[in-house]
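Read the structure below first, then the notes.
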Amino acid sequence: MPDLLLELLSEEIPARMQRRAAEDLKKLVTDALVERGFLYEGAKAFATPRRLALHIAGLPARGEAVREERRGPRVGAPEAAVQGFLKSAGLSSLDQATTVTDPKKGEFYLAVIERPGRETLDVLAEILPGIIKSFPWPKSMRWGAASAQPGSLRWVRPLQSIVATFGPETETPDVVPFAVEGISVGTTTRGHRFLSPEPFEVRRFDDYVPALERADVILDADRRKDIILHDAKDLAFARGLDLVEDEGLLEEVAGLVERPVVLMGSFEERFLEIPAEAIRATIRANQKCFVLRKSGSEELAPAFLLVSNLVASDGGAAITAGNERVVRARLSDARFFWETDKATKLEDRLPKLDAIVFHEKLGTQGERVARIAALAKDIAPLVGADPALAERAARLAKADLVTEMVGEFPELQGLMGRKYAELQGEHPSVAAAIEEHYKPVGPSDRVPTDPVSIAVALADKLDTLAGFWSIDEKPTGSKDPYALRRAALGVIRALIERSLRLSLASLVAPRFANAGTERTADLLAFFADRLKVYLRDQGARHDLIDAVFALPGQDDLLLVVRRVEALGAFLATDDGKNLLAGYKRAANILRIEEKKDGRTYDAAPDAALAASGEPEERALAEALTAAREEASAAVAAEDFSGAMRALSRLRAPVDAFFEKVTVNADDPALRRNRLLLLNALRAATREVAEFSRIEG
């Protein structure tokens, strides 16, 4: 079957946009084809610094003919209905329709619409220009004389040529006939800008890839990454060194070159006095280079690897020398920052935080630090930390924000603070907390283990959440500019993974001067939503979390999780499933009868009246009293499995009650008491969870 080859050649595409752009191109074209009934066998998109390319295999040469029967209005229907039918069916008069008789509905009009299959080449010529003109680049530009005209073509960088061919592998493919803003489609492309700048012809994908390689362009970004990683490891090994792998940098560098060549540069040993993280940040951020370690050691080596886009005649000596000069200059700056920062204690930097606005409604960083320090001191005893150390760590936690090194490399915040704290003799837990209080910053990041770090991390995140809740700046939809979801997940992970008990309400409520109860409840609901996400990833059911959070006072997340775990285990048993079914039956009866009677049945049942009734009625009343007392005691002892066992004993009496006893008895007193028994069942289950929130 025929294949499509599409290439869009332009000036350099930013590396960060390439992979997404390739996927967007594939999705836009394939979706448009499928929407028109053109199915295909496979599709793959590619990106290099100068081109997007798409190969779609197994497209039909022609679309299938379509025959559709469209039913119209009844014969004799109003003229407006008839005209609407003719327009929608593409008919000029009723003479082109047929009349069909329905035994029940009478005669009505029927249009038989037949569309011949369209040539795939024509369909491609129809859809591709629109996709190119409306391509969703994060940033784009206009250029040349046409840029003065409204609606002119926008592209990430000036678009230079378009290749689009379609046809079977046994024949010369056709050029898809279209043009965009004066750029006509053809079969001519170019290779590497410097190594193979001459134009050459391409016809189909199988020829396109090897032709590009001959022109010093490796089309597949993943293959470029493999080449870079393999050559980097080999070159490092040959010098007795180890590569410090960096997936993010590898992805970026693969998007900067079409013909990768790995070279090694060096710098003076004296620069190794700078912290390794600062060296790596300097070389990575400024030169997009990889750092190296001494073999079998964590100590950095005075060398780096760069990736060139050229096969130089001198073996890369000039390129390497140029990079070495820049790296030395950057490391000299970093060394100056390091020496300058060491001369001033972190505590002496604190007044500068008063001049930095954290948020116009939440004050300065200095004011925020004061709040975090007070909160960390309160949290410390609850997590086994020394309050004085927690307060000290919190006071110093943001001081490195005003250092020279962090000013140059913001990604080193916390880490540099720890380095400076260690140099000035701070307690090891204080130094560790300065770095670790930001953690965890993502689902794969580790949670701190030092109690002082945990106290400061919780204080930092809770202050952030309570602060933005107090000014009504909450996440909406996909927008979360202050990373509040991440902060809440960090709190959840710290409490659960370190088995910590905290009352969140008591910690955040004092921050809400007005509408405190309402805002506290709203923030706890936000934690519940984030906890659902966290536990869902662990395999828990969201409805069980709702069932537990629906109980009053559920602000201890560790206990919530333990309740959910116990509830899930209980409902997985036959006793749990049957009790849930019995509960739902009881709740439905109560809802119907309460609505009919205009009253609620929430009083305690009459034990004497129940005892004088049916044996199953008496057995249920006795079982409910015992189960509720046992479950309540178990919950008070935080024995949630025991509470579930207590409820499990209700299964048999509940089943027997519904099988043998008529709730809506003729005797009004008996009917009322039996409804009160059903409410007692509802109340007993509420000792452990709100069963009405459980699905199934």
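As shown in the structure tokens, the chain order sets the letters A, B, ...; within each chain, residues go from 1, and ligands are also counted from 1 in the order they appear.
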ask   = Which residues, written as JSON, numbers by chain, have at least one atom at most 10 Å from range 60-76 of chain A, with only C-alpha atoms counted and residues fewer than 6 positions away on the same chain left out?
value = {"A": [1, 2, 3, 36, 37, 38, 39, 40, 41, 82, 83, 84, 85, 86, 88, 89, 97, 98, 99, 100, 101, 102, 105, 106, 107, 108, 109, 110, 111, 112, 113, 114, 115, 116, 117, 118, 119, 120, 121, 122, 123, 166, 167, 168]}
Within 12 Å of range 333-347 of chain A, which residues of range 230-325 of chain A show up? Give each one with its shortest atom-to-atom distance in Å (one decimal) and the two atoms involved, counting only C-alpha atoms, rows by chain then rising residue number, as JSON lines.
{"residue": "A:Arg270", "atom": "CA", "partner": "A:Arg335", "partner_atom": "CA", "distance": 9.5}
{"residue": "A:Phe271", "atom": "CA", "partner": "A:Arg335", "partner_atom": "CA", "distance": 7.0}
{"residue": "A:Leu272", "atom": "CA", "partner": "A:Arg335", "partner_atom": "CA", "distance": 9.3}
{"residue": "A:Glu273", "atom": "CA", "partner": "A:Arg335", "partner_atom": "CA", "distance": 8.0}
{"residue": "A:Ile274", "atom": "CA", "partner": "A:Arg335", "partner_atom": "CA", "distance": 6.0}
{"residue": "A:Pro275", "atom": "CA", "partner": "A:Trp338", "partner_atom": "CA", "distance": 8.4}
{"residue": "A:Ala276", "atom": "CA", "partner": "A:Ala334", "partner_atom": "CA", "distance": 11.1}
{"residue": "A:Glu277", "atom": "CA", "partner": "A:Ala334", "partner_atom": "CA", "distance": 11.0}
{"residue": "A:Ala278", "atom": "CA", "partner": "A:Ala334", "partner_atom": "CA", "distance": 7.2}
{"residue": "A:Ile279", "atom": "CA", "partner": "A:Ala334", "partner_atom": "CA", "distance": 7.6}
{"residue": "A:Arg280", "atom": "CA", "partner": "A:Ala334", "partner_atom": "CA", "distance": 10.7}
{"residue": "A:Ala281", "atom": "CA", "partner": "A:Ala334", "partner_atom": "CA", "distance": 9.7}
{"residue": "A:Thr282", "atom": "CA", "partner": "A:Ala334", "partner_atom": "CA", "distance": 7.3}
{"residue": "A:Ile283", "atom": "CA", "partner": "A:Ala334", "partner_atom": "CA", "distance": 10.2}
{"residue": "A:Asn286", "atom": "CA", "partner": "A:Ala334", "partner_atom": "CA", "distance": 11.6}
Keeping only all heavy atoms, take the residues you just selected and write them out as a tab-separated table (two decimals), in the first residue's frame.
chain	number	residue	atom	x	y	z
A	270	ARG	N	42.27	23.12	40.34
A	270	ARG	CA	41.93	24.08	41.39
A	270	ARG	C	40.42	24.35	41.45
A	270	ARG	O	39.90	24.73	42.51
A	270	ARG	CB	42.70	25.38	41.21
A	270	ARG	CG	42.44	26.09	39.89
A	270	ARG	CD	43.42	27.25	39.67
A	270	ARG	NE	43.28	27.83	38.36
A	270	ARG	CZ	42.46	28.83	38.07
A	270	ARG	NH1	41.72	29.37	39.04
A	270	ARG	NH2	42.40	29.32	36.85
A	271	PHE	N	39.74	24.16	40.33
A	271	PHE	CA	38.30	24.42	40.33
A	271	PHE	C	37.51	23.36	41.08
A	271	PHE	O	36.34	23.56	41.39
A	271	PHE	CB	37.78	24.55	38.90
A	271	PHE	CG	38.24	25.80	38.20
A	271	PHE	CD1	38.98	25.72	37.02
A	271	PHE	CD2	37.94	27.05	38.71
A	271	PHE	CE1	39.41	26.87	36.38
A	271	PHE	CE2	38.36	28.20	38.07
A	271	PHE	CZ	39.11	28.12	36.90
A	272	LEU	N	38.15	22.23	41.38
A	272	LEU	CA	37.45	21.17	42.12
A	272	LEU	C	37.22	21.55	43.57
A	272	LEU	O	36.54	20.82	44.31
A	272	LEU	CB	38.25	19.86	42.04
A	272	LEU	CG	38.35	19.24	40.63
A	272	LEU	CD1	39.18	17.97	40.68
A	272	LEU	CD2	36.96	18.96	40.06
A	273	GLU	N	37.76	22.70	44.00
A	273	GLU	CA	37.46	23.21	45.35
A	273	GLU	C	36.00	23.67	45.43
A	273	GLU	O	35.43	23.74	46.52
A	273	GLU	CB	38.37	24.38	45.68
A	273	GLU	CG	39.86	24.03	45.70
A	273	GLU	CD	40.73	25.27	45.81
A	273	GLU	OE1	40.16	26.38	45.97
A	273	GLU	OE2	41.97	25.13	45.75
A	274	ILE	N	35.42	23.97	44.29
A	274	ILE	CA	34.01	24.38	44.25
A	274	ILE	C	33.16	23.14	44.50
A	274	ILE	O	33.52	22.04	44.06
A	274	ILE	CB	33.66	24.97	42.87
A	274	ILE	CG1	34.64	26.07	42.49
A	274	ILE	CG2	32.24	25.49	42.82
A	274	ILE	CD1	34.53	26.50	41.04
A	275	PRO	N	32.03	23.24	45.20
A	275	PRO	CA	31.16	22.07	45.37
A	275	PRO	C	30.81	21.42	44.04
A	275	PRO	O	30.57	22.11	43.03
A	275	PRO	CB	29.92	22.65	46.06
A	275	PRO	CG	30.43	23.84	46.79
A	275	PRO	CD	31.52	24.41	45.93
A	276	ALA	N	30.78	20.09	44.04
A	276	ALA	CA	30.55	19.35	42.80
A	276	ALA	C	29.25	19.76	42.12
A	276	ALA	O	29.17	19.85	40.89
A	276	ALA	CB	30.55	17.85	43.09
A	277	GLU	N	28.21	20.01	42.93
A	277	GLU	CA	26.92	20.37	42.35
A	277	GLU	C	27.01	21.70	41.60
A	277	GLU	O	26.36	21.90	40.56
A	277	GLU	CB	25.86	20.46	43.44
A	277	GLU	CG	25.58	19.14	44.16
A	277	GLU	CD	26.57	18.84	45.27
A	277	GLU	OE1	27.49	19.67	45.50
A	277	GLU	OE2	26.42	17.80	45.93
A	278	ALA	N	27.81	22.63	42.12
A	278	ALA	CA	27.96	23.93	41.47
A	278	ALA	C	28.75	23.78	40.16
A	278	ALA	O	28.45	24.44	39.16
A	278	ALA	CB	28.67	24.91	42.40
A	279	ILE	N	29.77	22.93	40.17
A	279	ILE	CA	30.52	22.67	38.94
A	279	ILE	C	29.60	22.09	37.88
A	279	ILE	O	29.57	22.52	36.72
A	279	ILE	CB	31.69	21.71	39.21
A	279	ILE	CG1	32.73	22.38	40.13
A	279	ILE	CG2	32.35	21.26	37.91
A	279	ILE	CD1	33.85	21.45	40.56
A	280	ARG	N	28.81	21.11	38.30
A	280	ARG	CA	27.91	20.46	37.34
A	280	ARG	C	26.88	21.45	36.80
A	280	ARG	O	26.61	21.48	35.60
A	280	ARG	CB	27.21	19.29	38.02
A	280	ARG	CG	26.31	18.49	37.10
A	280	ARG	CD	25.74	17.29	37.82
A	280	ARG	NE	24.86	16.52	36.97
A	280	ARG	CZ	24.21	15.43	37.34
A	280	ARG	NH1	24.37	14.97	38.57
A	280	ARG	NH2	23.41	14.79	36.51
A	281	ALA	N	26.31	22.27	37.69
A	281	ALA	CA	25.31	23.25	37.24
A	281	ALA	C	25.93	24.25	36.29
A	281	ALA	O	25.32	24.64	35.28
A	281	ALA	CB	24.71	23.97	38.45
A	282	THR	N	27.15	24.70	36.58
A	282	THR	CA	27.83	25.67	35.72
A	282	THR	C	28.07	25.10	34.33
A	282	THR	O	27.74	25.72	33.32
A	282	THR	CB	29.18	26.06	36.35
A	282	THR	OG1	28.95	26.64	37.63
A	282	THR	CG2	29.91	27.06	35.47
A	283	ILE	N	28.65	23.91	34.27
A	283	ILE	CA	29.00	23.31	32.98
A	283	ILE	C	27.74	22.90	32.22
A	283	ILE	O	27.66	23.04	31.00
A	283	ILE	CB	29.94	22.11	33.21
A	283	ILE	CG1	31.28	22.62	33.75
A	283	ILE	CG2	30.14	21.30	31.95
A	283	ILE	CD1	32.27	21.52	34.09
A	286	ASN	N	25.50	26.40	31.23
A	286	ASN	CA	26.11	27.35	30.31
A	286	ASN	C	26.64	26.72	29.03
A	286	ASN	O	26.61	27.34	27.97
A	286	ASN	CB	27.26	28.09	31.02
A	286	ASN	CG	26.74	28.99	32.13
A	286	ASN	OD1	25.88	29.82	31.90
A	286	ASN	ND2	27.26	28.82	33.34
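Surrounding range 257-262 of chain A within 7 Å are Thr48, Pro49, His192, Asp216, Val217, Ile218, Arg224, Ile228, Asp231, Ala232, Leu305, Leu306, Val307, Ser308, Asn309, Leu310 and Val311 of chain A, with only C-alpha atoms counted and residues fewer than 5 positions along the same chain left out.
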Could you write out the selected residues, including C-alpha atoms, as a JSON list (two decimals), in the first residue's frame?
[["chain", "number", "residue", "atom", "x", "y", "z"],
["A", 48, "THR", "CA", 16.02, 17.23, 14.18],
["A", 49, "PRO", "CA", 17.18, 20.77, 14.92],
["A", 192, "HIS", "CA", 23.63, 19.08, 7.42],
["A", 216, "ASP", "CA", 25.31, 13.87, 7.73],
["A", 217, "VAL", "CA", 21.85, 13.98, 9.31],
["A", 218, "ILE", "CA", 20.60, 11.29, 11.73],
["A", 224, "ARG", "CA", 21.16, 10.38, 18.24],
["A", 228, "ILE", "CA", 25.91, 10.34, 22.20],
["A", 231, "ASP", "CA", 30.39, 7.47, 22.56],
["A", 232, "ALA", "CA", 30.46, 9.45, 25.81],
["A", 305, "LEU", "CA", 32.34, 16.02, 27.56],
["A", 306, "LEU", "CA", 30.85, 18.23, 24.88],
["A", 307, "VAL", "CA", 28.78, 17.25, 21.86],
["A", 308, "SER", "CA", 29.68, 18.95, 18.61],
["A", 309, "ASN", "CA", 27.54, 19.17, 15.48],
["A", 310, "LEU", "CA", 30.63, 19.02, 13.25],
["A", 311, "VAL", "CA", 33.20, 16.50, 12.09]]
Using only C-alpha atoms, which residues sit within 7 Å of range 556-565 of chain A once same-chain residues fewer than 3 positions away are excluded, as a PDB file with all heavy atoms, in the first residue's frame?
ATOM      1  N   LEU A 495       3.839  12.481  55.848  1.00  0.00           N
ATOM      2  CA  LEU A 495       3.091  11.924  56.973  1.00  0.00           C
ATOM      3  C   LEU A 495       2.907  10.422  56.845  1.00  0.00           C
ATOM      4  O   LEU A 495       3.072   9.671  57.814  1.00  0.00           O
ATOM      5  CB  LEU A 495       1.726  12.613  57.075  1.00  0.00           C
ATOM      6  CG  LEU A 495       1.752  14.114  57.396  1.00  0.00           C
ATOM      7  CD1 LEU A 495       0.341  14.669  57.421  1.00  0.00           C
ATOM      8  CD2 LEU A 495       2.448  14.379  58.725  1.00  0.00           C
ATOM      9  N   ILE A 496       2.578   9.962  55.634  1.00  0.00           N
ATOM     10  CA  ILE A 496       2.262   8.546  55.459  1.00  0.00           C
ATOM     11  C   ILE A 496       3.527   7.703  55.400  1.00  0.00           C
ATOM     12  O   ILE A 496       3.635   6.672  56.072  1.00  0.00           O
ATOM     13  CB  ILE A 496       1.406   8.354  54.196  1.00  0.00           C
ATOM     14  CG1 ILE A 496       0.036   9.018  54.410  1.00  0.00           C
ATOM     15  CG2 ILE A 496       1.238   6.874  53.867  1.00  0.00           C
ATOM     16  CD1 ILE A 496      -0.833   9.044  53.189  1.00  0.00           C
ATOM     17  N   SER A 499       5.075   7.581  58.716  1.00  0.00           N
ATOM     18  CA  SER A 499       4.144   7.147  59.781  1.00  0.00           C
ATOM     19  C   SER A 499       4.019   8.194  60.878  1.00  0.00           C
ATOM     20  O   SER A 499       4.211   7.922  62.075  1.00  0.00           O
ATOM     21  CB  SER A 499       4.599   5.804  60.378  1.00  0.00           C
ATOM     22  OG  SER A 499       4.614   4.806  59.385  1.00  0.00           O
ATOM     23  N   LEU A 500       3.658   9.413  60.489  1.00  0.00           N
ATOM     24  CA  LEU A 500       3.576  10.534  61.415  1.00  0.00           C
ATOM     25  C   LEU A 500       2.116  10.912  61.669  1.00  0.00           C
ATOM     26  O   LEU A 500       1.297  10.912  60.754  1.00  0.00           O
ATOM     27  CB  LEU A 500       4.342  11.739  60.860  1.00  0.00           C
ATOM     28  CG  LEU A 500       5.845  11.519  60.653  1.00  0.00           C
ATOM     29  CD1 LEU A 500       6.456  12.709  59.952  1.00  0.00           C
ATOM     30  CD2 LEU A 500       6.539  11.275  61.999  1.00  0.00           C
ATOM     31  N   ARG A 501       1.822  11.275  62.916  1.00  0.00           N
ATOM     32  CA  ARG A 501       0.476  11.662  63.339  1.00  0.00           C
ATOM     33  C   ARG A 501       0.432  13.161  63.564  1.00  0.00           C
ATOM     34  O   ARG A 501       1.151  13.700  64.407  1.00  0.00           O
ATOM     35  CB  ARG A 501       0.121  10.928  64.637  1.00  0.00           C
ATOM     36  CG  ARG A 501       0.181   9.420  64.566  1.00  0.00           C
ATOM     37  CD  ARG A 501      -1.057   8.868  63.894  1.00  0.00           C
ATOM     38  NE  ARG A 501      -2.244   9.398  64.541  1.00  0.00           N
ATOM     39  CZ  ARG A 501      -2.761   8.916  65.692  1.00  0.00           C
ATOM     40  NH1 ARG A 501      -2.169   7.902  66.286  1.00  0.00           N
ATOM     41  NH2 ARG A 501      -3.844   9.445  66.213  1.00  0.00           N
ATOM     42  N   LEU A 502      -0.415  13.859  62.784  1.00  0.00           N
ATOM     43  CA  LEU A 502      -0.592  15.298  62.961  1.00  0.00           C
ATOM     44  C   LEU A 502      -2.052  15.654  62.750  1.00  0.00           C
ATOM     45  O   LEU A 502      -2.716  15.086  61.876  1.00  0.00           O
ATOM     46  CB  LEU A 502       0.233  16.091  61.934  1.00  0.00           C
ATOM     47  CG  LEU A 502       1.751  16.199  62.111  1.00  0.00           C
ATOM     48  CD1 LEU A 502       2.319  17.043  60.983  1.00  0.00           C
ATOM     49  CD2 LEU A 502       2.099  16.825  63.445  1.00  0.00           C
ATOM     50  N   SER A 503      -2.527  16.617  63.504  1.00  0.00           N
ATOM     51  CA  SER A 503      -3.845  17.194  63.256  1.00  0.00           C
ATOM     52  C   SER A 503      -3.654  18.405  62.348  1.00  0.00           C
ATOM     53  O   SER A 503      -3.213  19.467  62.793  1.00  0.00           O
ATOM     54  CB  SER A 503      -4.507  17.620  64.572  1.00  0.00           C
ATOM     55  OG  SER A 503      -5.647  18.423  64.299  1.00  0.00           O
ATOM     56  N   LEU A 504      -3.976  18.239  61.072  1.00  0.00           N
ATOM     57  CA  LEU A 504      -3.761  19.331  60.124  1.00  0.00           C
ATOM     58  C   LEU A 504      -4.614  20.544  60.469  1.00  0.00           C
ATOM     59  O   LEU A 504      -4.175  21.687  60.328  1.00  0.00           O
ATOM     60  CB  LEU A 504      -4.072  18.848  58.706  1.00  0.00           C
ATOM     61  CG  LEU A 504      -3.104  17.812  58.123  1.00  0.00           C
ATOM     62  CD1 LEU A 504      -3.564  17.396  56.735  1.00  0.00           C
ATOM     63  CD2 LEU A 504      -1.694  18.373  58.061  1.00  0.00           C
ATOM     64  N   LEU A 544     -13.690   4.828  49.043  1.00  0.00           N
ATOM     65  CA  LEU A 544     -13.409   4.501  50.440  1.00  0.00           C
ATOM     66  C   LEU A 544     -12.786   5.694  51.158  1.00  0.00           C
ATOM     67  O   LEU A 544     -13.043   5.916  52.349  1.00  0.00           O
ATOM     68  CB  LEU A 544     -12.475   3.287  50.523  1.00  0.00           C
ATOM     69  CG  LEU A 544     -12.956   1.999  49.831  1.00  0.00           C
ATOM     70  CD1 LEU A 544     -12.046   0.835  50.198  1.00  0.00           C
ATOM     71  CD2 LEU A 544     -14.398   1.687  50.215  1.00  0.00           C
ATOM     72  N   ILE A 545     -11.976   6.454  50.435  1.00  0.00           N
ATOM     73  CA  ILE A 545     -11.402   7.669  51.025  1.00  0.00           C
ATOM     74  C   ILE A 545     -12.522   8.661  51.331  1.00  0.00           C
ATOM     75  O   ILE A 545     -12.558   9.274  52.407  1.00  0.00           O
ATOM     76  CB  ILE A 545     -10.370   8.294  50.075  1.00  0.00           C
ATOM     77  CG1 ILE A 545      -9.296   7.268  49.720  1.00  0.00           C
ATOM     78  CG2 ILE A 545      -9.721   9.523  50.702  1.00  0.00           C
ATOM     79  CD1 ILE A 545      -8.385   7.680  48.598  1.00  0.00           C
ATOM     80  N   VAL A 548     -14.411   7.631  54.495  1.00  0.00           N
ATOM     81  CA  VAL A 548     -13.713   7.924  55.755  1.00  0.00           C
ATOM     82  C   VAL A 548     -13.691   9.421  56.015  1.00  0.00           C
ATOM     83  O   VAL A 548     -13.955   9.879  57.134  1.00  0.00           O
ATOM     84  CB  VAL A 548     -12.287   7.338  55.734  1.00  0.00           C
ATOM     85  CG1 VAL A 548     -11.496   7.805  56.944  1.00  0.00           C
ATOM     86  CG2 VAL A 548     -12.344   5.816  55.684  1.00  0.00           C
ATOM     87  N   GLY A 568     -11.082  -1.309  53.172  1.00  0.00           N
ATOM     88  CA  GLY A 568     -10.911  -2.028  51.911  1.00  0.00           C
ATOM     89  C   GLY A 568     -10.782  -3.520  52.125  1.00  0.00           C
ATOM     90  O   GLY A 568     -11.368  -4.331  51.394  1.00  0.00           O
ATOM     91  N   ALA A 569     -10.001  -3.902  53.142  1.00  0.00           N
ATOM     92  CA  ALA A 569      -9.832  -5.327  53.444  1.00  0.00           C
ATOM     93  C   ALA A 569     -11.155  -5.949  53.884  1.00  0.00           C
ATOM     94  O   ALA A 569     -11.485  -7.084  53.504  1.00  0.00           O
ATOM     95  CB  ALA A 569      -8.774  -5.503  54.536  1.00  0.00           C
ATOM     96  N   PHE A 640      -8.570  -0.375  63.827  1.00  0.00           N
ATOM     97  CA  PHE A 640      -9.596  -0.312  62.787  1.00  0.00           C
ATOM     98  C   PHE A 640      -9.949  -1.702  62.255  1.00  0.00           C
ATOM     99  O   PHE A 640     -11.098  -1.946  61.861  1.00  0.00           O
ATOM    100  CB  PHE A 640      -9.143   0.609  61.662  1.00  0.00           C
ATOM    101  CG  PHE A 640      -8.855   2.005  62.142  1.00  0.00           C
ATOM    102  CD1 PHE A 640      -7.575   2.525  62.104  1.00  0.00           C
ATOM    103  CD2 PHE A 640      -9.862   2.777  62.685  1.00  0.00           C
ATOM    104  CE1 PHE A 640      -7.307   3.795  62.571  1.00  0.00           C
ATOM    105  CE2 PHE A 640      -9.613   4.052  63.160  1.00  0.00           C
ATOM    106  CZ  PHE A 640      -8.326   4.572  63.114  1.00  0.00           C
TER     107      PHE A 640
END
query = Hey, what's within 8 Å of range 43-46 of chain A if we count only C-alpha atoms and toss same-chain stuff fewer than 2 positions away? As an MDAnalysis selection string, please?
reply = chainID A and resid 19 22:23 25:26 30 40:41 48 52:57 219:221
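Ranking A:Ile356, A:Ala215, A:Ala329, A:Ala146 by their shortest atom-to-atom distance to Gln287 in chain A, with only C-alpha atoms included, puts A:Ala329 first.
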key: Residue neighbourhood Ala388 in chain A, 12 Å, only C-alpha atoms, exclusion window fewer than 3 positions, as a VMD selection string   = chain A and resid 373 to 381 385 391 to 395 427 429 to 430 452 455 to 456
Go ahead and save the picked residues with N, CA, C and O atoms, as a compact mmCIF listing (two decimals), in the first residue's frame.
# COMPACT_ATOMS: atom_id res chain seq x y z
N ALA A 373 9.32 29.39 60.83
CA ALA A 373 10.09 29.05 62.02
C ALA A 373 9.18 28.77 63.21
O ALA A 373 9.40 27.80 63.96
N ALA A 374 8.15 29.60 63.39
CA ALA A 374 7.21 29.38 64.50
C ALA A 374 6.45 28.06 64.32
O ALA A 374 6.27 27.31 65.29
N LEU A 375 6.04 27.79 63.09
CA LEU A 375 5.29 26.56 62.83
C LEU A 375 6.18 25.34 62.97
O LEU A 375 5.76 24.31 63.53
N ALA A 376 7.41 25.43 62.50
CA ALA A 376 8.34 24.30 62.63
C ALA A 376 8.60 23.98 64.10
O ALA A 376 8.71 22.81 64.48
N LYS A 377 8.68 25.01 64.93
CA LYS A 377 8.89 24.80 66.37
C LYS A 377 7.70 24.06 66.98
O LYS A 377 7.87 23.20 67.85
N ASP A 378 6.49 24.39 66.51
CA ASP A 378 5.28 23.71 67.02
C ASP A 378 5.20 22.27 66.53
O ASP A 378 4.75 21.38 67.25
N ILE A 379 5.61 22.04 65.30
CA ILE A 379 5.51 20.70 64.71
C ILE A 379 6.57 19.77 65.27
O ILE A 379 6.35 18.57 65.41
N ALA A 380 7.74 20.32 65.62
CA ALA A 380 8.90 19.50 66.00
C ALA A 380 8.57 18.42 67.04
O ALA A 380 8.91 17.24 66.83
N PRO A 381 7.92 18.73 68.17
CA PRO A 381 7.66 17.67 69.16
C PRO A 381 6.75 16.57 68.61
O PRO A 381 6.82 15.43 69.06
N ALA A 385 11.34 15.82 66.70
CA ALA A 385 12.48 16.69 66.44
C ALA A 385 12.71 17.64 67.60
O ALA A 385 11.79 17.94 68.38
N GLU A 391 13.47 25.25 64.75
CA GLU A 391 13.30 26.70 64.59
C GLU A 391 14.53 27.31 63.94
O GLU A 391 14.43 28.16 63.05
N ARG A 392 15.70 26.89 64.37
CA ARG A 392 16.95 27.41 63.80
C ARG A 392 17.05 27.07 62.31
O ARG A 392 17.39 27.92 61.48
N ALA A 393 16.76 25.82 61.97
CA ALA A 393 16.83 25.41 60.56
C ALA A 393 15.85 26.20 59.71
O ALA A 393 16.17 26.62 58.58
N ALA A 394 14.65 26.41 60.22
CA ALA A 394 13.65 27.16 59.46
C ALA A 394 14.08 28.61 59.26
O ALA A 394 13.84 29.19 58.19
N ARG A 395 14.71 29.20 60.26
CA ARG A 395 15.16 30.59 60.13
C ARG A 395 16.22 30.73 59.04
O ARG A 395 16.28 31.74 58.34
N HIS A 427 24.60 22.74 63.37
CA HIS A 427 24.29 21.35 63.73
C HIS A 427 23.98 20.57 62.44
O HIS A 427 23.32 21.09 61.54
N SER A 429 21.83 18.37 61.69
CA SER A 429 20.40 18.31 61.37
C SER A 429 19.90 19.63 60.81
O SER A 429 19.02 19.66 59.94
N VAL A 430 20.44 20.73 61.29
CA VAL A 430 20.08 22.05 60.76
C VAL A 430 20.55 22.17 59.32
O VAL A 430 19.80 22.60 58.43
N VAL A 452 14.21 16.83 62.07
CA VAL A 452 14.28 18.29 61.90
C VAL A 452 13.93 18.67 60.47
O VAL A 452 13.18 19.62 60.22
N ALA A 455 10.16 18.38 60.06
CA ALA A 455 9.44 19.48 60.70
C ALA A 455 9.47 20.74 59.84
O ALA A 455 8.45 21.41 59.65
N VAL A 456 10.64 21.08 59.31
CA VAL A 456 10.76 22.30 58.50
C VAL A 456 10.05 22.11 57.16
O VAL A 456 9.39 23.03 56.66
